[in-house]
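Text of run-v1.txt (compact mmCIF, C-alpha atoms) as supplied:
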```txt
# COMPACT_ATOMS: atom_id res chain seq x y z
CA LEU S 168 0.55 -19.08 -19.81
CA TYR S 169 2.73 -16.00 -20.09
CA LEU S 170 4.97 -17.15 -17.25
CA ARG S 171 5.12 -20.66 -18.68
CA ASN S 172 5.77 -19.72 -22.30
CA GLU S 173 7.81 -16.54 -21.94
CA VAL S 174 9.67 -16.94 -18.65
CA VAL S 175 10.09 -20.54 -17.53
CA LEU S 176 10.43 -22.56 -20.74
CA PRO S 177 12.86 -20.23 -22.57
CA ASN S 178 15.10 -19.93 -19.50
CA VAL S 179 14.99 -23.50 -18.22
CA GLY S 180 15.47 -25.03 -21.66
CA HIS S 181 14.43 -28.40 -23.05
CA HIS S 182 12.28 -30.56 -20.79
CA GLY S 183 11.49 -27.47 -18.73
CA GLU S 184 7.85 -28.47 -18.29
CA ALA S 185 8.74 -30.18 -15.02
CA PHE S 186 9.73 -26.83 -13.49
CA VAL S 187 6.61 -24.90 -14.50
CA PRO S 188 4.59 -25.89 -11.37
CA PHE S 189 7.47 -24.86 -9.11
CA ALA S 190 7.89 -21.50 -10.84
CA LEU S 191 4.15 -20.78 -10.82
CA THR S 192 3.96 -21.70 -7.15
CA LEU S 193 6.81 -19.30 -6.40
CA PHE S 194 5.20 -16.51 -8.40
CA PHE S 195 1.72 -16.79 -6.94
CA PHE S 196 2.91 -17.36 -3.37
CA ILE S 197 5.13 -14.28 -3.47
CA LEU S 198 2.45 -12.22 -5.22
CA VAL S 199 -0.27 -13.12 -2.71
CA MET S 200 2.04 -12.49 0.24
CA ASN S 201 3.03 -9.12 -1.23
CA LEU S 202 -0.60 -8.15 -1.83
CA PHE S 203 -1.58 -9.13 1.72
CA GLY S 204 0.86 -6.46 2.84
CA MET S 205 -1.19 -3.85 0.98
CA LEU S 206 -4.21 -4.46 3.21
CA PRO S 207 -4.48 -2.11 6.19
CA TRP S 208 -4.77 -5.04 8.61
CA GLY S 209 -2.31 -7.25 6.72
CA ALA S 210 1.40 -7.75 6.90
CA THR S 211 3.82 -8.51 4.11
CA ALA S 212 5.25 -11.94 4.79
CA THR S 213 7.99 -11.23 2.26
CA GLY S 214 8.97 -8.26 4.41
CA ASN S 215 10.35 -10.85 6.84
CA VAL S 216 13.86 -12.01 5.99
CA SER S 217 13.09 -15.52 7.32
CA VAL S 218 10.37 -16.00 4.71
CA THR S 219 12.50 -14.72 1.85
CA ALA S 220 15.47 -16.80 3.02
CA THR S 221 13.29 -19.91 3.12
CA LEU S 222 12.05 -19.24 -0.41
CA ALA S 223 15.63 -18.71 -1.59
CA ILE S 224 16.88 -21.88 0.12
CA ILE S 225 14.08 -23.94 -1.40
CA THR S 226 14.95 -22.45 -4.79
CA ALA S 227 18.65 -23.22 -4.26
CA ILE S 228 17.81 -26.84 -3.43
CA VAL S 229 15.65 -27.15 -6.57
CA VAL S 230 18.46 -25.59 -8.65
CA GLU S 231 21.12 -27.95 -7.29
CA VAL S 232 18.93 -31.05 -7.62
CA ALA S 233 18.08 -30.03 -11.19
CA GLY S 234 21.80 -29.70 -11.89
CA ILE S 235 22.57 -33.11 -10.44
CA ARG S 236 19.74 -34.74 -12.39
CA ALA S 237 20.66 -33.06 -15.67
CA ASN S 238 24.45 -33.40 -15.50
CA GLY S 239 25.13 -36.51 -13.44
CA LEU S 240 28.82 -36.53 -12.53
CA GLY S 241 29.27 -33.48 -14.76
CA TYR S 242 27.58 -31.57 -11.96
CA LEU S 243 30.90 -31.53 -10.13
CA SER S 244 32.21 -29.15 -12.79
CA THR S 245 29.82 -26.53 -11.40
CA ILE S 246 31.69 -26.72 -8.09
CA PHE S 247 35.26 -27.68 -9.01
CA TYR S 248 36.90 -25.85 -11.89
CA TRP S 249 38.93 -28.11 -14.20
CA ASN S 250 39.65 -26.72 -17.67
CA LYS S 251 40.91 -29.54 -19.90
CA GLU S 252 42.26 -27.11 -22.50
CA LEU S 253 44.95 -25.70 -20.20
CA PRO S 254 48.36 -27.26 -19.51
CA LEU S 255 48.41 -29.45 -16.39
CA VAL S 256 50.26 -26.93 -14.21
CA MET S 257 47.75 -24.19 -15.08
CA ARG S 258 44.83 -26.58 -14.51
CA VAL S 259 45.99 -27.21 -10.96
CA VAL S 260 46.57 -23.52 -10.29
CA MET S 261 43.19 -22.57 -11.75
CA PHE S 262 41.53 -25.38 -9.78
CA PHE S 263 42.68 -23.85 -6.48
CA VAL S 264 41.89 -20.29 -7.57
CA MET S 265 38.53 -20.80 -9.29
CA SER S 266 36.92 -23.55 -7.18
CA PRO S 267 36.40 -21.25 -4.18
CA VAL S 268 34.97 -18.64 -6.56
CA GLU S 269 32.48 -21.22 -7.87
CA MET S 270 31.48 -22.12 -4.31
CA VAL S 271 30.98 -18.47 -3.40
CA GLY S 272 28.79 -18.15 -6.50
CA LYS S 273 26.60 -20.99 -5.29
CA ILE S 274 26.13 -19.28 -1.92
CA SER S 275 25.61 -15.79 -3.30
CA LYS S 276 22.65 -16.69 -5.53
CA PRO S 277 20.24 -17.57 -2.70
CA PHE S 278 21.62 -14.70 -0.63
CA ALA S 279 20.90 -12.28 -3.48
CA LEU S 280 17.38 -13.66 -3.90
CA THR S 281 16.76 -13.26 -0.17
CA ILE S 282 18.00 -9.70 0.16
CA ARG S 283 16.47 -8.47 -3.11
CA LEU S 284 12.94 -9.55 -2.21
CA PHE S 285 13.20 -8.58 1.47
CA ALA S 286 14.70 -5.13 0.87
CA ASN S 287 12.30 -4.17 -1.90
CA MET S 288 9.22 -5.15 0.07
CA THR S 289 10.42 -3.51 3.27
CA ALA S 290 11.53 -0.27 1.59
CA GLY S 291 8.04 0.59 0.36
CA HIS S 292 6.57 0.21 3.83
CA ILE S 293 9.29 2.33 5.39
CA VAL S 294 8.68 5.14 2.90
CA LEU S 295 4.93 4.88 3.50
CA LEU S 296 5.39 5.11 7.28
CA ALA S 297 7.77 8.05 6.91
CA LEU S 298 5.26 9.96 4.79
CA MET S 299 2.42 9.29 7.20
CA GLY S 300 4.72 10.29 10.06
CA LEU S 301 4.91 13.79 8.58
CA ILE S 302 1.36 14.41 9.83
CA PHE S 303 2.43 13.74 13.39
CA THR S 304 5.75 15.55 12.99
CA PHE S 305 4.12 18.81 11.90
CA LYS S 306 1.19 18.35 14.33
CA SER S 307 -1.19 20.05 11.93
CA TRP S 308 -4.25 18.95 10.00
CA VAL S 309 -3.42 21.54 7.34
CA ILE S 310 -0.45 19.53 6.06
CA THR S 311 -2.42 16.24 6.05
CA PRO S 312 -3.47 16.20 2.35
CA VAL S 313 0.12 16.35 1.11
CA PRO S 314 1.41 13.24 2.96
CA VAL S 315 -1.83 11.39 2.22
CA LEU S 316 -1.50 12.09 -1.52
CA MET S 317 2.17 11.12 -1.45
CA ALA S 318 1.36 7.94 0.50
CA THR S 319 -1.33 7.09 -2.05
CA ALA S 320 1.20 7.47 -4.85
CA ILE S 321 3.69 5.27 -2.98
CA SER S 322 0.94 2.68 -2.42
CA MET S 323 0.33 2.54 -6.17
CA LEU S 324 4.05 2.08 -6.68
CA GLU S 325 4.04 -0.68 -4.04
CA LEU S 326 1.25 -2.44 -5.92
CA PHE S 327 3.43 -2.45 -9.04
CA VAL S 328 6.45 -3.59 -7.01
CA ALA S 329 4.41 -6.49 -5.54
CA PHE S 330 3.89 -7.88 -9.05
CA LEU S 331 7.39 -6.98 -10.20
CA GLN S 332 9.16 -8.71 -7.31
CA ALA S 333 7.14 -11.90 -7.76
CA PHE S 334 8.04 -11.84 -11.45
CA ILE S 335 11.75 -11.15 -10.84
CA PHE S 336 12.09 -13.90 -8.23
CA THR S 337 10.44 -16.39 -10.60
CA LEU S 338 12.55 -15.22 -13.54
CA LEU S 339 15.80 -15.52 -11.59
CA ALA S 340 14.85 -18.96 -10.27
CA SER S 341 14.18 -20.08 -13.86
CA VAL S 342 17.46 -18.60 -15.08
CA PHE S 343 19.42 -20.32 -12.30
CA ILE S 344 17.77 -23.66 -13.10
CA GLY S 345 18.52 -23.22 -16.80
CA GLN S 346 22.13 -22.24 -16.14
CA ILE S 347 22.93 -25.28 -14.04
CA ARG S 348 21.11 -27.69 -16.35
CA GLU S 349 23.26 -26.50 -19.24
CA ALA S 350 26.46 -26.27 -17.20
CA HIS S 351 28.15 -29.06 -19.14
CA HIS S 352 27.99 -27.18 -22.47
```
Show the structure stored in the file as structure tokens.
Amino acid sequence: LYLRNEVVLPNVGHHGEAFVPFALTLFFFILVMNLFGMLPWGATATGNVSVTATLAIITAIVVEVAGIRANGLGYLSTIFYWNKELPLVMRVVMFFVMSPVEMVGKISKPFALTIRLFANMTAGHIVLLALMGLIFTFKSWVITPVPVLMATAISMLELFVAFLQAFIFTLLASVFIGQIREAHH
């Protein structure tokens, strides 16, 4: 209910109920995959860039389809910049300057979602491995408690990050859907 009432509906806007199942699916899929990575025998699926890219591409498709459904032909204004308040000469100039910027914006959103989730989930594991590697680097059992305590602290941080990254991905997906649905205003 928190995700529905405080994240999805306020960001997606009116008639946002249709996007609640998608957002909840994203959240729980990412959360479960992140938590599987916390198990000693598990692996974090979101630590694989292919998985995060697939999630981001699916989200981008949902965002664009939501924009097309909400705006009809007005959807083209999210790709091609045409400001009716400018003089005609400036409209044409701005069309050629700003349209590529709009297209880059469409590509950068899924790219940012991909890299953000992948990097954050991979970073925790790298730090954990580096700390545990200190035991083998110093080749002494005397130093063992320090890296183990530090690794335990990092594992607690990773647990928090698992929830946080699922939340952020869902929040950004909701914001992107809301932005494109209200693009004509």
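Pairwise distance (CA of Ala223 in chain S, CA of Pro207 in chain S) equals 27.2 Å.
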For a quick check of understanding, using only C-alpha atoms, which of S:Asn172, S:Thr211, S:Thr304, S:Asn238 has the smallest distance to Ile197 in chain S?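 Going through S:Asn172, S:Thr211, S:Thr304, S:Asn238 one by one, the smallest distance to Ile197 in chain S is for S:Thr211.
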Nearest to Ile321 in chain S: which of S:Ile282, S:Val342, S:Val218, S:Leu296 is it, counting all atoms listed in the file?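 Answer, going by the shortest atom-to-atom distance: S:Leu296.
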As JSON, what would the box around range 171-175 of chain S look like: edges along x, y and z, 3 Å added on every side, centre and edge lengths in Å to one decimal?
```
{"center_x": 7.6, "center_y": -18.6, "center_z": -19.9, "size_x": 11.0, "size_y": 10.1, "size_z": 10.8}
```
Step by step: start from the point (15.6, -25.9, -9.5) in the file's coordinates, keep every protein, DNA or RNA residue that has an atom no farther than 9 Å from it, count all atoms listed in the file, and write the set as a PDB file with C-alpha atoms, in the frame of the given file.
```pdb
ATOM      1  CA  PHE S 186       9.730 -26.830 -13.490  1.00  0.00           C
ATOM      2  CA  PHE S 189       7.470 -24.860  -9.110  1.00  0.00           C
ATOM      3  CA  ALA S 190       7.890 -21.500 -10.840  1.00  0.00           C
ATOM      4  CA  ILE S 225      14.080 -23.940  -1.400  1.00  0.00           C
ATOM      5  CA  THR S 226      14.950 -22.450  -4.790  1.00  0.00           C
ATOM      6  CA  ALA S 227      18.650 -23.220  -4.260  1.00  0.00           C
ATOM      7  CA  ILE S 228      17.810 -26.840  -3.430  1.00  0.00           C
ATOM      8  CA  VAL S 229      15.650 -27.150  -6.570  1.00  0.00           C
ATOM      9  CA  VAL S 230      18.460 -25.590  -8.650  1.00  0.00           C
ATOM     10  CA  GLU S 231      21.120 -27.950  -7.290  1.00  0.00           C
ATOM     11  CA  VAL S 232      18.930 -31.050  -7.620  1.00  0.00           C
ATOM     12  CA  ALA S 233      18.080 -30.030 -11.190  1.00  0.00           C
ATOM     13  CA  GLY S 234      21.800 -29.700 -11.890  1.00  0.00           C
ATOM     14  CA  ALA S 340      14.850 -18.960 -10.270  1.00  0.00           C
ATOM     15  CA  SER S 341      14.180 -20.080 -13.860  1.00  0.00           C
ATOM     16  CA  PHE S 343      19.420 -20.320 -12.300  1.00  0.00           C
ATOM     17  CA  ILE S 344      17.770 -23.660 -13.100  1.00  0.00           C
ATOM     18  CA  GLY S 345      18.520 -23.220 -16.800  1.00  0.00           C
ATOM     19  CA  ILE S 347      22.930 -25.280 -14.040  1.00  0.00           C
ATOM     20  CA  ARG S 348      21.110 -27.690 -16.350  1.00  0.00           C
TER      21      ARG S 348
END
```
Grab the CA of Ser322 in chain S to CA of Gly214 in chain S distance for me, in Å with one decimal place.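 These atoms are spaced 15.2 Å apart.
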For Phe336 in chain S, please output as a list of chain:residue names all residues within 8 Å (counting all atoms listed in the file; exclusion window: fewer than 6 positions along the same chain).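 Final neighbour list, sorted by chain and number: S:Leu193, S:Phe194, S:Leu280, S:Leu284.
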I want to know what sits within 9 Å of Met288 in chain S, based on only C-alpha atoms, with residues of the same chain fewer than 6 positions away left out; could you give that as a ChimeraX atom specification? /S:201,204,211,213-215,325,328-329,332
Nearest to Thr319 in chain S among S:Leu206, S:Met257, S:Leu298, S:Ala279, with distances taken over only C-alpha atoms: which residue is it?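 Among the listed residues, S:Leu298 lies closest to Thr319 in chain S.
Computed from the coordinates, the CA of Glu173 in chain S to CA of Glu349 in chain S distance equals 18.6 Å.
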Save range 261-303 of chain S to disk from that block, C-alpha atoms included, as a PDB file, in the first residue's frame.
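Final output, part_19.pdb:
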```
ATOM      1  CA  MET S 261      14.965  25.341 -32.075  1.00  0.00           C
ATOM      2  CA  PHE S 262      13.443  22.300 -33.788  1.00  0.00           C
ATOM      3  CA  PHE S 263      16.842  21.293 -35.189  1.00  0.00           C
ATOM      4  CA  VAL S 264      18.685  22.110 -31.969  1.00  0.00           C
ATOM      5  CA  MET S 265      16.297  20.666 -29.380  1.00  0.00           C
ATOM      6  CA  SER S 266      14.904  17.579 -31.158  1.00  0.00           C
ATOM      7  CA  PRO S 267      18.216  15.687 -30.920  1.00  0.00           C
ATOM      8  CA  VAL S 268      18.410  16.691 -27.252  1.00  0.00           C
ATOM      9  CA  GLU S 269      14.931  15.226 -26.682  1.00  0.00           C
ATOM     10  CA  MET S 270      15.970  11.995 -28.402  1.00  0.00           C
ATOM     11  CA  VAL S 271      19.125  11.737 -26.301  1.00  0.00           C
ATOM     12  CA  GLY S 272      16.931  12.217 -23.229  1.00  0.00           C
ATOM     13  CA  LYS S 273      14.785   9.268 -24.255  1.00  0.00           C
ATOM     14  CA  ILE S 274      17.865   7.063 -24.604  1.00  0.00           C
ATOM     15  CA  SER S 275      19.581   8.261 -21.438  1.00  0.00           C
ATOM     16  CA  LYS S 276      16.722   7.363 -19.081  1.00  0.00           C
ATOM     17  CA  PRO S 277      16.925   3.580 -19.571  1.00  0.00           C
ATOM     18  CA  PHE S 278      20.716   3.803 -19.680  1.00  0.00           C
ATOM     19  CA  ALA S 279      20.719   5.601 -16.322  1.00  0.00           C
ATOM     20  CA  LEU S 280      18.348   3.016 -14.826  1.00  0.00           C
ATOM     21  CA  THR S 281      20.590   0.215 -16.072  1.00  0.00           C
ATOM     22  CA  ILE S 282      23.870   1.598 -14.791  1.00  0.00           C
ATOM     23  CA  ARG S 283      22.475   2.842 -11.467  1.00  0.00           C
ATOM     24  CA  LEU S 284      21.093  -0.541 -10.436  1.00  0.00           C
ATOM     25  CA  PHE S 285      24.007  -2.559 -11.837  1.00  0.00           C
ATOM     26  CA  ALA S 286      26.750  -0.405 -10.315  1.00  0.00           C
ATOM     27  CA  ASN S 287      25.178  -0.171  -6.885  1.00  0.00           C
ATOM     28  CA  MET S 288      24.611  -3.901  -6.601  1.00  0.00           C
ATOM     29  CA  THR S 289      28.052  -4.786  -7.918  1.00  0.00           C
ATOM     30  CA  ALA S 290      29.901  -2.256  -5.750  1.00  0.00           C
ATOM     31  CA  GLY S 291      28.790  -3.847  -2.493  1.00  0.00           C
ATOM     32  CA  HIS S 292      30.031  -7.263  -3.564  1.00  0.00           C
ATOM     33  CA  ILE S 293      33.367  -5.872  -4.684  1.00  0.00           C
ATOM     34  CA  VAL S 294      33.903  -4.151  -1.335  1.00  0.00           C
ATOM     35  CA  LEU S 295      32.901  -7.347   0.480  1.00  0.00           C
ATOM     36  CA  LEU S 296      35.371  -9.421  -1.547  1.00  0.00           C
ATOM     37  CA  ALA S 297      38.132  -6.866  -0.993  1.00  0.00           C
ATOM     38  CA  LEU S 298      37.609  -6.964   2.769  1.00  0.00           C
ATOM     39  CA  MET S 299      37.612 -10.746   2.876  1.00  0.00           C
ATOM     40  CA  GLY S 300      40.700 -10.724   0.663  1.00  0.00           C
ATOM     41  CA  LEU S 301      42.582  -8.944   3.447  1.00  0.00           C
ATOM     42  CA  ILE S 302      42.686 -12.240   5.365  1.00  0.00           C
ATOM     43  CA  PHE S 303      44.535 -13.910   2.517  1.00  0.00           C
TER      44      PHE S 303
END
```
